[in-house]
Amino acid sequence: MNPADATIDRTFEAVVIHWDTAMSEARGDVVATVRRRIEELCAATVDVAVLSRAGLPGLDARLQAQPPGPGRLLLSVTEAGELYDVTSDGPSPLDRPGLPTGASALRRILDHFAERGVGPGLVLVIGDPSGSNATDSSLLLSLLDGQIRRRRHRRVPSIDDDAEWTIRAVGPDPAWDRTTATLFTLGAAGFATKGSVEEASDGGLVLAAGIYRGEGPAQHLVPAPAWTGLAVEPEPAADVRVLDMRTGVLMREETTDPHPFRSLRLVSADAPGVAAMRAEAAAGRLRPGPALRHAIGKPITKGRLDGQRWARVRSDTGAGIAAVASQRNGRDGPVRTVERLAAYAADTHSPPRLDAVRSVLEQAEQLGFDRLLADHRRAWARRWDAVDVRIPDDPEAQRAARFALFQLWCNVADGRAESAVGARGISGLGYAGHVFWDADAFVLPAMVGMDPRAARAMIQYRINRLPAARRAARATGHRGARFPWESAATGDDVTPTSGYLGGQVVPILTGRLEEHVTADVAWAADHYAEWTGDREFLAGRALPLLVETARYWASRCRVDAGGAAHIDAVIGPDEYHEDVDDNAYTNVMARWNLRRAADVAGDTVSPDEIASWRDLADRLVDGYDPATGRYEQFAGYHRLESLLVAEFARPPVAIDVLLGHDRVARSQLIKQPDVLMLHHLVPEETAPGSLEPNLDYYAPRTAHGSSLSPAISAALLARAGRADEALGALRTALTLDLDDATGMTASGLHLATLGGTWQALVSGFAGVRVRDGVLTVDPRLPSSWGGLELRFGCLGRRVRLCITPDEVDVETDAPLWIGLAGQRAQYVDAQTSLKPEG
Amino acid sequence: MEEILAAVTDHDADHRVDGFATAVAKLTNAQVRHLELGVPESRKQAIARVLHETAAPEVVLTVLSRDVPTPPIWPGVIPQVSKPVILVPYTGLPLTLSRALVPLDGTPESTGAVAGVMDLFARAGLDLVVLHVFNAATAPRFWDQAAHARREWEEEFMARYCSAPGARLTLRSGAPDEQVVDVATEEHADLITLGWSQRLASGRAQTVRRTIADSLVPVMLVPLGSA
């Protein structure tokens, strides 16, 4: 920002000083004052860069700065813009590989700041090299003083309002505010805070992953003490709220008052369990109140300890959540300011000790808000550097895909040992926080490339619930482990037994019959191992998941007189048809489960048992008809009334709500990919060339009445070479929450859809697969996309793919076997271009 | 003081008009203004007089008989008034006013039309039952798990479209015009309140037409934009 238009009612995170125009004529005492200001700014976490055409010795001798950090001081000297990092030891060259040669000095510095999470909108540029804007040392000092004063008075920081990275909401909007609160959820390390406005009656719902209350189907996530509530009177009549996904902060600014209400909050991606907020408004309007408030409708124990507020909720399952918060009020002229820091801890076995949480808070206080924010921004910058999507021809899709990544990180990224990922994550109370196959087949495949530790913690959640799964198998007269359709604290089935299709009361049979989740759990563990290369995990701690699930299927199958094996009475992913026999998805996933367990069991299982698994797998019927290339979804499906969705409504549509359960059950209308889910998860278990005929047959029968459906359909269409159609399905998935297409986003984000969109981009459009230590790419781009760039992790490497219709440029930070589909893989050391043959 | 206009003849049916207008007036702290429709009086003249009286600033609501005179005058009245009109059927059912059925299609327009009335009824202690009918135009796009979806969907629907405290929602699937009267009967509603666009042309206002024709209880029509 140029000082001529700097209103100064704004806090910057970095300052660039064009020394030659601002300070060339300055006296020595003025230079000394500027030096002190620069050092003060660096101490307050601000990065400062000084640009001069002079050489390093002259500039450094004149400035003589010894910044204490944590903010950095950079010197850019000579016409070439050589960069130096200045510490108390003096300047040292800054290694800047990868910068385009010929880039301007300012550009190089802005790029450097961006890598630290400080975008150009957060950089105050004082003076300019042309000298066309008059800047003298007094203006320079005034601007620096202004920034120091704002920090000293804890004014609300600003954001870089870049449309590629932000989601905006103008309010208040009574019809949309609840949805917006969900979309603006911030989270990290297993805690998330809904993006409610500060004066909201719910105080800003806080949830902790895996902390449940209640029993059976009524078991649900426990709201934690809330930390974002403030009283503002009068309440803002008009405001804009901006979720800055690049730096993981939520900003709010009133648009009507001369001293507007502002707030900025974060849930630290760098300091686990820590959250921070600043707010400001005209003195008299802002009444901060207590730093912690009641969780909605739930009793908490609370108190004060050495000036800090603490609160704790205890669950009847033994779990608990504790929070400690501190608050500082201040004044900057007519503006009142509030700074609040909060620390959270949760434990699935007992309420956390307060002293441990206080210790976390005290560490956060020692760092201070500015440092927490700077570290948080850097953590997000590191994330986006490693995992990102760029679609130059489709900025809306790019932004929505980034939103998916952002919320997956907020809801799932978790440094803890186990991670229970409910259908809505921790962004709302919807679906009671219950864990479905959404976690294993939709979210985990995204997380393996985003945050392998988080993916592993999801598998650990299943591993820790093997005892319950074994009990469930025994209870139905089987061996091995049977995982529940809905899981929560203990791993016992918590599926309700009745529900509603619209207004129609229906019995819920999924808990009893939707058994494919058992194979899905095993698949997730194997997929994690394949994608990350963490075979030790699969051969060790995760092995029981494959072995025990295989044992379950072995005892669950019925072998008929002719020797064919069947699985009777199940529900497949298409839940419109209940209590069916030989559902293709269930049978093929069980077959995969048996074979894969046989492959990896080693000497932990007797050879006879392994042989029996392989034999049974070969006997399992799958409904495949070589004459048509199609799988029959279940025994008797082809005899049902042949109806197409288009005869009734335009998909996606909950056609079971529209037509009623019985009518749909008698027809071939299906809810979501069922047979086709096999082509997505285990294509090697399907007949070669069978994707297209099954897609042709089942797609017109698919209502997409499940939010799981559009993203996976996009992936399948892309794999079938129908990329333009795939893009339509992808857009439905990308906007499912952003446009509240379900009418239910207020209750939480659809985590499976978010994970599915990333899968659609990576495995669908880019055609990425990882098998046996080899990354294969097989792109199918829509005609409107000239390129697609993906960054993700796999096999312990960081990978960047730049896909165009003609080639795939690959970059990797360590050697990796990689190839285009149908070509021999290459051992790529750093980068290469892959071109289709011919 | 606000007034409820009761347009009556000396026909027995219009005792019901008077009675229902009085019930509404009591509920809303208004008073009843009677408009005696002469006999004989041309239909055109009667419509003109009702419209004229309804336009009076103190009149907030007009109550008419659905069934008398013959032919009824309401088809000439309801497309032209900017205030709510209640049509009272000439049936044997006793007239009470303790529960109202409010069909909502989930559009801001229809919600806005009846929001004020719903709020008024709720404050007056009336039971409010909101009806939403899923058809091809209004069916939800997604309904993930029947075990959970209803609660989420209902919470948000009510938050967006019905702020009246204590109101409850009932859901149906099918053609709305076939559902309203049946649900009113099932729910023992004393009044049906419909927001409408005031277009009675052929093919339009199907639900309004059918509800008026079949209802056994009074039907309140609230013009869109009258809120």
# chains A, B, ... in the order shown; residues from 1 in each chain; ligands from 1

call {"tool": "interface_residues", "arguments": {"of": "chain B", "to": "chain A", "cutoff": "8 Å", "atoms": "only C-alpha atoms", "output": "compact mmCIF listing (two decimals) with C-alpha atoms, in the first residue's frame"}}
result
# COMPACT_ATOMS: atom_id res chain seq x y z
CA PHE B 134 -42.50 -31.87 -1.18
CA ASN B 135 -43.25 -31.99 -4.88
CA ALA B 136 -41.01 -31.98 -7.93
CA ALA B 139 -38.29 -31.75 -2.97
CA PRO B 140 -34.96 -31.52 -1.19
CA ARG B 141 -32.01 -32.26 -3.40
CA PHE B 142 -30.33 -34.37 -0.77
CA TRP B 143 -31.60 -36.52 2.07
CA ASP B 144 -28.60 -38.45 3.27
CA ALA B 146 -33.24 -40.89 7.11
CA ALA B 147 -32.19 -41.47 10.70
CA HIS B 148 -30.85 -37.94 11.02
CA ALA B 149 -31.78 -35.74 8.08
CA ARG B 150 -35.25 -34.70 9.20
CA GLU B 152 -31.42 -30.92 10.50
CA TRP B 153 -33.66 -30.05 7.61
CA GLU B 156 -33.17 -24.89 9.26
CA PHE B 157 -36.51 -24.69 7.45
CA ALA B 159 -35.37 -20.97 11.30
CA ARG B 160 -35.64 -19.51 7.82
CA THR B 170 -45.55 -31.31 9.37
CA LEU B 171 -44.18 -32.64 6.11
CA ARG B 172 -45.92 -34.36 3.23
CA SER B 173 -44.98 -35.46 -0.26
CA GLY B 174 -47.19 -35.09 -3.31

call {"tool": "residues_around", "arguments": {"residues": "B:Leu224", "least_positions_apart": "2", "cutoff": "6 Å", "atoms": "only C-alpha atoms", "output": "ChimeraX atom specification"}}
result
/B:113,195-197,226

call {"tool": "write_last_selection", "arguments": {"atoms": "N, CA and C atoms", "output": "compact mmCIF listing (two decimals), in the first residue's frame"}}
result
# COMPACT_ATOMS: atom_id res chain seq x y z
N ALA B 113 -45.31 -13.12 3.29
CA ALA B 113 -46.73 -12.76 3.29
C ALA B 113 -47.40 -13.13 4.61
N GLY B 195 -50.55 -17.80 1.92
CA GLY B 195 -50.07 -16.65 1.17
C GLY B 195 -50.34 -16.91 -0.30
N TRP B 196 -50.69 -15.88 -1.04
CA TRP B 196 -50.99 -16.15 -2.45
C TRP B 196 -50.72 -14.93 -3.31
N SER B 197 -50.61 -15.20 -4.61
CA SER B 197 -50.17 -14.16 -5.56
C SER B 197 -51.33 -13.36 -6.13
N SER B 226 -48.33 -8.09 1.10
CA SER B 226 -49.20 -7.33 1.99
C SER B 226 -48.61 -7.17 3.38

call {"tool": "residues_around", "arguments": {"residues": "A:Tyr827", "least_positions_apart": "6", "cutoff": "7 Å", "atoms": "only C-alpha atoms", "output": "PyMOL selection string"}}
result
chain A and resi 815-818

call {"tool": "write_last_selection", "arguments": {"atoms": "N, CA and C atoms", "output": "compact mmCIF listing (two decimals), in the first residue's frame"}}
result
# COMPACT_ATOMS: atom_id res chain seq x y z
N PRO A 815 13.40 -38.47 -4.71
CA PRO A 815 13.18 -39.40 -5.84
C PRO A 815 11.90 -40.21 -5.69
N LEU A 816 11.26 -40.45 -6.83
CA LEU A 816 9.94 -41.09 -6.82
C LEU A 816 9.72 -41.80 -8.15
N TRP A 817 9.15 -43.00 -8.09
CA TRP A 817 8.74 -43.69 -9.30
C TRP A 817 7.41 -43.10 -9.76
N ILE A 818 7.40 -42.66 -11.00
CA ILE A 818 6.20 -42.00 -11.49
C ILE A 818 6.08 -42.22 -12.99

call {"tool": "closest_residue", "arguments": {"among": "A:Pro693, A:His153, A:Arg213, A:Val31", "to": "A:Ser137", "atoms": "only C-alpha atoms"}}
result
A:Val31

call {"tool": "residues_around", "arguments": {"residues": "stretch 225-239 of chain A", "least_positions_apart": "4", "cutoff": "7 Å", "atoms": "only C-alpha atoms", "output": "short mmCIF file (atom, residue, chain, number, x, y, z; two decimals) with C-alpha atoms, in the first residue's frame"}}
result
data_model
loop_
_atom_site.label_atom_id
_atom_site.label_comp_id
_atom_site.auth_asym_id
_atom_site.auth_seq_id
_atom_site.Cartn_x
_atom_site.Cartn_y
_atom_site.Cartn_z
CA VAL A 170 -22.47 -9.49 4.03
CA GLY A 171 -24.76 -9.32 7.00
CA PRO A 172 -26.67 -9.54 9.01
CA GLU A 198 -19.68 -12.50 18.55
CA GLU A 199 -23.06 -11.41 19.88
CA GLY A 203 -21.76 -17.84 22.04
CA GLY A 204 -20.02 -19.59 19.14
CA LEU A 205 -20.33 -23.35 19.34
CA VAL A 206 -17.08 -25.17 20.14
CA ARG A 252 -15.43 -9.08 10.66
CA GLU A 253 -15.87 -5.38 10.06
CA GLU A 254 -18.90 -3.23 10.56
CA THR A 255 -19.59 -1.07 7.54
CA THR A 256 -21.58 1.76 9.08
CA ARG A 285 -20.36 -0.15 22.62
CA LEU A 286 -18.13 -3.05 23.44
CA ARG A 287 -18.71 -4.98 26.66
CA PRO A 288 -16.48 -8.04 26.58
CA GLY A 289 -18.10 -9.95 29.43
CA ALA A 291 -14.02 -14.85 28.37
CA LEU A 292 -15.74 -18.24 28.61
CA ARG A 293 -19.45 -18.87 28.49
CA HIS A 294 -21.86 -21.74 28.90
CA ALA A 295 -21.90 -24.28 26.17
CA ALA A 311 -14.65 -23.99 32.53
CA ALA A 323 -10.87 -24.56 28.78
CA ALA A 342 -8.18 -19.46 25.16
#

call {"tool": "atom_distance", "arguments": {"atom1": "atom CA of A:Asp568", "atom2": "atom CA of A:Pro445"}}
result
28.8 Å

call {"tool": "select_by_dssp", "arguments": {"residues": "stretch 20-204 of chain B", "states": "helix (DSSP H, G or I)", "output": "MDAnalysis selection string"}}
result
chainID B and resid 20:28 43:54 74:77 108:123 149:161 176:186

call {"tool": "residues_around", "arguments": {"residues": "stretch 86-103 of chain B", "least_positions_apart": "3", "cutoff": "8 Å", "atoms": "only C-alpha atoms", "output": "MDAnalysis selection string"}}
result
chainID B and resid 13 16:17 19:20 23:24 61:67 74 125:133 180 184 187:194 212 215:221

call {"tool": "select_by_dssp", "arguments": {"residues": "stretch 53-173 of chain B", "states": "strand (DSSP E or B)", "output": "NGL selection string"}}
result
:B and (59-65 or 85-88 or 99-103 or 127-134 or 168-173)

call {"tool": "closest_residue", "arguments": {"among": "B:Thr207, B:Thr22, B:Asn29, B:Ser202", "to": "B:Leu120", "atoms": "only C-alpha atoms"}}
result
B:Asn29

call {"tool": "atom_distance", "arguments": {"atom1": "atom CA of A:Pro67", "atom2": "atom CA of A:Met277"}}
result
27.0 Å

call {"tool": "atom_distance", "arguments": {"atom1": "atom CA of A:Gln219", "atom2": "atom CA of A:Arg474"}}
result
23.0 Å

call {"tool": "residues_around", "arguments": {"residues": "stretch 40-47 of chain B", "least_positions_apart": "6", "cutoff": "9 Å", "atoms": "only C-alpha atoms", "output": "list of chain:residue names"}}
result
B:Pro69, B:Pro71, B:Pro72, B:Ile73, B:Trp74, B:Gly76, B:Val77

call {"tool": "closest_residue", "arguments": {"among": "B:Gln31, B:Val85, B:Ala115, B:Val181", "to": "B:Val50", "atoms": "only C-alpha atoms"}}
result
B:Val85
